[in-house]
Structures are given as C-alpha cells and as structure tokens.
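Next up, protein_1.tsv (TSV, N, CA and C atoms):
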chain	number	residue	atom	x	y	z
A	696	MET	N	169.68	123.27	15.12
A	696	MET	CA	169.47	121.83	15.09
A	696	MET	C	168.00	121.53	15.34
A	697	ASN	N	167.38	120.84	14.44
A	697	ASN	CA	165.96	120.53	14.53
A	697	ASN	C	165.80	119.09	15.02
A	698	THR	N	165.33	118.93	16.27
A	698	THR	CA	165.15	117.59	16.81
A	698	THR	C	163.70	117.19	16.75
A	699	SER	N	163.47	115.93	16.61
A	699	SER	CA	162.09	115.45	16.56
A	699	SER	C	161.49	115.43	17.96
A	700	SER	N	160.18	115.40	17.97
A	700	SER	CA	159.46	115.35	19.23
A	700	SER	C	159.86	114.11	20.02
A	701	ALA	N	159.98	112.99	19.34
A	701	ALA	CA	160.34	111.73	20.02
A	701	ALA	C	161.71	111.81	20.66
A	702	SER	N	162.67	112.43	20.01
A	702	SER	CA	164.01	112.51	20.59
A	702	SER	C	164.03	113.48	21.79
A	703	ARG	N	163.22	114.55	21.73
A	703	ARG	CA	163.13	115.46	22.89
A	703	ARG	C	162.51	114.74	24.09
A	704	VAL	N	161.48	113.96	23.83
A	704	VAL	CA	160.84	113.20	24.91
A	704	VAL	C	161.83	112.21	25.50
A	705	GLN	N	162.57	111.51	24.64
A	705	GLN	CA	163.55	110.53	25.11
A	705	GLN	C	164.63	111.20	25.95
A	706	LYS	N	165.08	112.37	25.51
A	706	LYS	CA	166.10	113.11	26.26
A	706	LYS	C	165.56	113.50	27.64
A	707	HIS	N	164.32	113.94	27.67
A	707	HIS	CA	163.70	114.32	28.95
A	707	HIS	C	163.59	113.10	29.87
A	708	ARG	N	163.15	111.99	29.32
A	708	ARG	CA	163.03	110.76	30.13
A	708	ARG	C	164.39	110.29	30.63
A	709	ASP	N	165.40	110.38	29.80
A	709	ASP	CA	166.75	110.00	30.23
A	709	ASP	C	167.23	110.88	31.37
A	710	ALA	N	166.92	112.18	31.30
A	710	ALA	CA	167.32	113.10	32.37
A	710	ALA	C	166.61	112.74	33.67
A	711	LEU	N	165.34	112.40	33.58
A	711	LEU	CA	164.61	112.01	34.79
A	711	LEU	C	165.18	110.73	35.39
A	712	ARG	N	165.50	109.78	34.54
A	712	ARG	CA	166.10	108.53	35.03
A	712	ARG	C	167.45	108.81	35.69
A	713	ALA	N	168.20	109.72	35.12
A	713	ALA	CA	169.51	110.08	35.69
A	713	ALA	C	169.35	110.70	37.08
A	714	GLU	N	168.19	111.28	37.34
A	714	GLU	CA	167.90	111.85	38.66
A	714	GLU	C	167.38	110.80	39.63
A	715	GLY	N	167.30	109.56	39.18
A	715	GLY	CA	166.85	108.48	40.06
A	715	GLY	C	165.36	108.22	40.00
A	716	LEU	N	164.68	108.77	39.02
A	716	LEU	CA	163.24	108.57	38.89
A	716	LEU	C	162.97	107.46	37.88
A	717	ARG	N	161.80	106.89	37.98
A	717	ARG	CA	161.41	105.88	37.00
A	717	ARG	C	159.95	106.10	36.62
A	718	PRO	N	159.59	105.74	35.40
A	718	PRO	CA	158.19	105.92	34.98
A	718	PRO	C	157.28	104.88	35.62
A	719	VAL	N	156.08	105.30	35.90
A	719	VAL	CA	155.07	104.42	36.48
A	719	VAL	C	153.76	104.66	35.74
A	720	GLN	N	153.08	103.59	35.39
A	720	GLN	CA	151.78	103.72	34.75
A	720	GLN	C	150.70	103.45	35.79
A	721	LEU	N	149.74	104.36	35.90
A	721	LEU	CA	148.65	104.21	36.85
A	721	LEU	C	147.34	104.04	36.11
A	722	TRP	N	146.55	103.12	36.58
A	722	TRP	CA	145.20	102.92	36.05
A	722	TRP	C	144.23	103.39	37.10
A	723	VAL	N	143.37	104.30	36.73
A	723	VAL	CA	142.40	104.87	37.67
A	723	VAL	C	140.99	104.69	37.11
A	724	PRO	N	139.98	104.75	37.96
A	724	PRO	CA	138.60	104.62	37.45
A	724	PRO	C	138.29	105.71	36.44
A	725	ASP	N	137.50	105.35	35.46
A	725	ASP	CA	137.05	106.31	34.45
A	725	ASP	C	135.88	107.08	35.03
A	726	THR	N	136.15	108.29	35.49
A	726	THR	CA	135.12	109.09	36.15
A	726	THR	C	134.04	109.58	35.18
A	727	ARG	N	134.24	109.34	33.88
A	727	ARG	CA	133.24	109.75	32.89
A	727	ARG	C	132.22	108.65	32.62
A	728	SER	N	132.46	107.45	33.14
A	728	SER	CA	131.57	106.32	32.82
A	728	SER	C	130.30	106.34	33.67
A	729	ALA	N	129.25	105.79	33.10
A	729	ALA	CA	127.98	105.69	33.82
A	729	ALA	C	128.12	104.76	35.02
A	730	ALA	N	128.93	103.73	34.88
A	730	ALA	CA	129.15	102.78	35.99
A	730	ALA	C	129.80	103.48	37.19
A	731	PHE	N	130.72	104.38	36.92
A	731	PHE	CA	131.36	105.12	38.01
A	731	PHE	C	130.34	105.99	38.74
A	732	ALA	N	129.52	106.71	37.99
A	732	ALA	CA	128.49	107.57	38.59
A	732	ALA	C	127.52	106.74	39.42
A	733	LYS	N	127.14	105.58	38.90
A	733	LYS	CA	126.20	104.71	39.62
A	733	LYS	C	126.82	104.22	40.93
A	734	GLU	N	128.11	103.86	40.89
A	734	GLU	CA	128.78	103.39	42.11
A	734	GLU	C	128.91	104.52	43.13
A	735	CYS	N	129.18	105.73	42.68
A	735	CYS	CA	129.23	106.89	43.59
A	735	CYS	C	127.89	107.10	44.27
A	736	GLN	N	126.83	107.00	43.50
A	736	GLN	CA	125.48	107.17	44.05
A	736	GLN	C	125.17	106.07	45.05
A	737	ARG	N	125.57	104.84	44.74
A	737	ARG	CA	125.33	103.71	45.64
A	737	ARG	C	126.04	103.93	46.97
A	738	GLN	N	127.31	104.31	46.90
A	738	GLN	CA	128.07	104.52	48.13
A	738	GLN	C	127.55	105.71	48.93
A	739	SER	N	127.16	106.76	48.25
A	739	SER	CA	126.60	107.93	48.94
A	739	SER	C	125.30	107.58	49.65
A	740	ALA	N	124.47	106.78	49.00
A	740	ALA	CA	123.20	106.36	49.61
A	740	ALA	C	123.45	105.53	50.86
A	741	MET	N	124.47	104.68	50.82
A	741	MET	CA	124.80	103.87	51.99
A	741	MET	C	125.21	104.77	53.16
A	742	LEU	N	125.93	105.85	52.87
A	742	LEU	CA	126.41	106.73	53.93
A	742	LEU	C	125.28	107.51	54.60
A	743	LEU	N	124.19	107.69	53.90
A	743	LEU	CA	123.05	108.40	54.51
A	743	LEU	C	122.53	107.67	55.74
A	744	GLN	N	122.70	106.38	55.78
A	744	GLN	CA	122.19	105.56	56.89
A	744	GLN	C	123.24	105.31	57.97
A	745	ASP	N	124.46	105.83	57.79
A	745	ASP	CA	125.57	105.51	58.69
A	745	ASP	C	125.70	106.58	59.78
A	746	PRO	N	125.47	106.21	61.05
A	746	PRO	CA	125.58	107.18	62.15
A	746	PRO	C	126.99	107.77	62.28
A	747	ALA	N	128.01	106.98	61.98
A	747	ALA	CA	129.38	107.48	62.06
A	747	ALA	C	129.60	108.57	61.02
A	748	GLU	N	128.99	108.43	59.86
A	748	GLU	CA	129.12	109.44	58.82
A	748	GLU	C	128.46	110.75	59.27
A	749	ALA	N	127.33	110.63	59.95
A	749	ALA	CA	126.66	111.82	60.46
A	749	ALA	C	127.56	112.57	61.43
A	750	GLN	N	128.28	111.83	62.28
A	750	GLN	CA	129.22	112.46	63.21
A	750	GLN	C	130.35	113.16	62.46
A	751	GLU	N	130.83	112.54	61.39
A	751	GLU	CA	131.90	113.15	60.60
A	751	GLU	C	131.43	114.45	59.95
A	752	ILE	N	130.21	114.47	59.48
A	752	ILE	CA	129.67	115.67	58.85
A	752	ILE	C	129.56	116.80	59.87
A	753	VAL	N	129.09	116.48	61.07
A	753	VAL	CA	129.01	117.49	62.14
A	753	VAL	C	130.41	118.01	62.45
A	754	TRP	N	131.38	117.13	62.55
A	754	TRP	CA	132.76	117.55	62.81
A	754	TRP	C	133.27	118.47	61.70
A	755	ALA	N	133.04	118.09	60.45
A	755	ALA	CA	133.52	118.89	59.33
A	755	ALA	C	132.87	120.26	59.30
A	756	GLU	N	131.62	120.32	59.66
A	756	GLU	CA	130.90	121.60	59.62
A	756	GLU	C	131.21	122.49	60.81
A	757	THR	N	131.72	121.92	61.90
A	757	THR	CA	131.96	122.73	63.08
A	757	THR	C	133.45	122.80	63.41
A	758	ALA	N	133.99	121.78	63.98
A	758	ALA	CA	135.38	121.80	64.47
A	758	ALA	C	136.38	122.07	63.34
A	759	ALA	N	136.29	121.36	62.27
A	759	ALA	CA	137.25	121.53	61.19
A	759	ALA	C	137.12	122.89	60.54
A	760	ALA	N	135.92	123.39	60.43
A	760	ALA	CA	135.70	124.69	59.80
A	760	ALA	C	136.25	125.83	60.65
A	761	GLN	N	136.47	125.58	61.93
A	761	GLN	CA	136.93	126.63	62.83
A	761	GLN	C	138.41	126.53	63.12
A	762	THR	N	139.13	125.68	62.43
A	762	THR	CA	140.55	125.52	62.67
A	762	THR	C	141.29	126.74	62.15
A	763	LYS	N	142.09	127.36	63.00
A	763	LYS	CA	142.83	128.56	62.62
A	763	LYS	C	143.81	128.24	61.50
A	764	GLY	N	143.89	129.14	60.54
A	764	GLY	CA	144.82	128.97	59.44
A	764	GLY	C	144.23	128.27	58.24
A	765	TRP	N	143.06	127.69	58.39
A	765	TRP	CA	142.41	127.03	57.25
A	765	TRP	C	141.58	128.08	56.53
A	766	VAL	N	141.64	128.05	55.26
A	766	VAL	CA	140.87	129.02	54.48
A	766	VAL	C	139.59	128.39	53.99
Show how you would write the structure in this file as structure tokens.
Amino acid sequence: MNTSSASRVQKHRDALRAEGLRPVQLWVPDTRSAAFAKECQRQSAMLLQDPAEAQEIVWAETAAAQTKGWV
C-alpha cells in the first residue's frame, strides 16, 4: 500500500492527539538577523558595567566549575 506523505503525517498527528498531545506553534527570534546580533551586543555591553554580573562570572568560574559530577 503506497500512502502519500500527507496521509502519513496526518496519521502521525492523529496518534499524537490520541496520546493527549496537541500541536503548538512557537515564534522565536531569528538568530540569523543583523538586528538580533546587534541586540546581543547591546545587552552584552550593558553587562560589562554590572557588578552583579561580575559576581556571577566569578561564581561560574569557581564554585560552579568545582561542583562534583559536573563535566
């Protein structure tokens, strides 16, 4: 029996719904855009001046790095 791609997809979706799942569409930032890169740079520059961020970096480099079981 040769089924079309669309009918296989529909069968798969029906099975997922039967398991109590539902489809969800997510919109996320386009990480390829120049605007995204510019915003990342802006936020990173702001963090350079933040004393709390400096404390977090020290914690990450020392305490967190020495936690047993972390690779």
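The two atoms in question, atom N of Glu734 of chain A and atom C of Trp754 of chain A, are spaced 25.9 Å apart.
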Residue set, segment 702-766 of chain A restricted to alpha helix (DSSP H), as a count of residues only
38
Just how far from atom CA of Thr726 of chain A is atom CA of Gln738 of chain A, in Å to one decimal?
14.6 Å
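Pairwise distance (atom C of Met741 of chain A, atom CA of Ala759 of chain A) equals 22.1 Å.
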Can you take segment 730-750 of chain A from the block and write N, CA and C atoms as a PDB file, in the first residue's frame?
ATOM      1  N   ALA A 730      19.666  42.426  13.281  1.00  0.00           N
ATOM      2  CA  ALA A 730      19.048  43.062  14.448  1.00  0.00           C
ATOM      3  C   ALA A 730      19.249  42.218  15.710  1.00  0.00           C
ATOM      4  N   PHE A 731      19.170  40.911  15.564  1.00  0.00           N
ATOM      5  CA  PHE A 731      19.390  40.024  16.712  1.00  0.00           C
ATOM      6  C   PHE A 731      20.826  40.152  17.212  1.00  0.00           C
ATOM      7  N   ALA A 732      21.781  40.120  16.289  1.00  0.00           N
ATOM      8  CA  ALA A 732      23.197  40.244  16.661  1.00  0.00           C
ATOM      9  C   ALA A 732      23.454  41.576  17.349  1.00  0.00           C
ATOM     10  N   LYS A 733      22.850  42.634  16.825  1.00  0.00           N
ATOM     11  CA  LYS A 733      23.040  43.967  17.410  1.00  0.00           C
ATOM     12  C   LYS A 733      22.478  44.017  18.831  1.00  0.00           C
ATOM     13  N   GLU A 734      21.305  43.397  19.042  1.00  0.00           N
ATOM     14  CA  GLU A 734      20.701  43.383  20.378  1.00  0.00           C
ATOM     15  C   GLU A 734      21.543  42.564  21.344  1.00  0.00           C
ATOM     16  N   CYS A 735      22.110  41.462  20.890  1.00  0.00           N
ATOM     17  CA  CYS A 735      23.004  40.659  21.747  1.00  0.00           C
ATOM     18  C   CYS A 735      24.218  41.472  22.167  1.00  0.00           C
ATOM     19  N   GLN A 736      24.780  42.199  21.228  1.00  0.00           N
ATOM     20  CA  GLN A 736      25.939  43.044  21.531  1.00  0.00           C
ATOM     21  C   GLN A 736      25.570  44.143  22.514  1.00  0.00           C
ATOM     22  N   ARG A 737      24.396  44.734  22.330  1.00  0.00           N
ATOM     23  CA  ARG A 737      23.935  45.801  23.229  1.00  0.00           C
ATOM     24  C   ARG A 737      23.794  45.271  24.655  1.00  0.00           C
ATOM     25  N   GLN A 738      23.141  44.118  24.790  1.00  0.00           N
ATOM     26  CA  GLN A 738      22.935  43.557  26.123  1.00  0.00           C
ATOM     27  C   GLN A 738      24.246  43.115  26.757  1.00  0.00           C
ATOM     28  N   SER A 739      25.135  42.554  25.967  1.00  0.00           N
ATOM     29  CA  SER A 739      26.442  42.138  26.494  1.00  0.00           C
ATOM     30  C   SER A 739      27.243  43.339  26.984  1.00  0.00           C
ATOM     31  N   ALA A 740      27.185  44.434  26.237  1.00  0.00           N
ATOM     32  CA  ALA A 740      27.901  45.650  26.635  1.00  0.00           C
ATOM     33  C   ALA A 740      27.354  46.193  27.951  1.00  0.00           C
ATOM     34  N   MET A 741      26.045  46.116  28.126  1.00  0.00           N
ATOM     35  CA  MET A 741      25.438  46.578  29.382  1.00  0.00           C
ATOM     36  C   MET A 741      25.946  45.748  30.560  1.00  0.00           C
ATOM     37  N   LEU A 742      26.128  44.446  30.347  1.00  0.00           N
ATOM     38  CA  LEU A 742      26.557  43.563  31.429  1.00  0.00           C
ATOM     39  C   LEU A 742      28.000  43.825  31.857  1.00  0.00           C
ATOM     40  N   LEU A 743      28.796  44.374  30.968  1.00  0.00           N
ATOM     41  CA  LEU A 743      30.184  44.681  31.333  1.00  0.00           C
ATOM     42  C   LEU A 743      30.257  45.674  32.484  1.00  0.00           C
ATOM     43  N   GLN A 744      29.257  46.503  32.622  1.00  0.00           N
ATOM     44  CA  GLN A 744      29.234  47.538  33.657  1.00  0.00           C
ATOM     45  C   GLN A 744      28.483  47.100  34.917  1.00  0.00           C
ATOM     46  N   ASP A 745      27.948  45.882  34.928  1.00  0.00           N
ATOM     47  CA  ASP A 745      27.083  45.432  36.027  1.00  0.00           C
ATOM     48  C   ASP A 745      27.890  44.655  37.068  1.00  0.00           C
ATOM     49  N   PRO A 746      28.008  45.189  38.297  1.00  0.00           N
ATOM     50  CA  PRO A 746      28.767  44.495  39.345  1.00  0.00           C
ATOM     51  C   PRO A 746      28.187  43.119  39.689  1.00  0.00           C
ATOM     52  N   ALA A 747      26.873  42.986  39.615  1.00  0.00           N
ATOM     53  CA  ALA A 747      26.256  41.692  39.909  1.00  0.00           C
ATOM     54  C   ALA A 747      26.671  40.656  38.867  1.00  0.00           C
ATOM     55  N   GLU A 748      26.825  41.081  37.633  1.00  0.00           N
ATOM     56  CA  GLU A 748      27.260  40.168  36.584  1.00  0.00           C
ATOM     57  C   GLU A 748      28.698  39.704  36.847  1.00  0.00           C
ATOM     58  N   ALA A 749      29.527  40.606  37.318  1.00  0.00           N
ATOM     59  CA  ALA A 749      30.904  40.245  37.645  1.00  0.00           C
ATOM     60  C   ALA A 749      30.925  39.165  38.729  1.00  0.00           C
ATOM     61  N   GLN A 750      30.042  39.285  39.717  1.00  0.00           N
ATOM     62  CA  GLN A 750      29.949  38.268  40.768  1.00  0.00           C
ATOM     63  C   GLN A 750      29.509  36.925  40.190  1.00  0.00           C
TER      64      GLN A 750
END
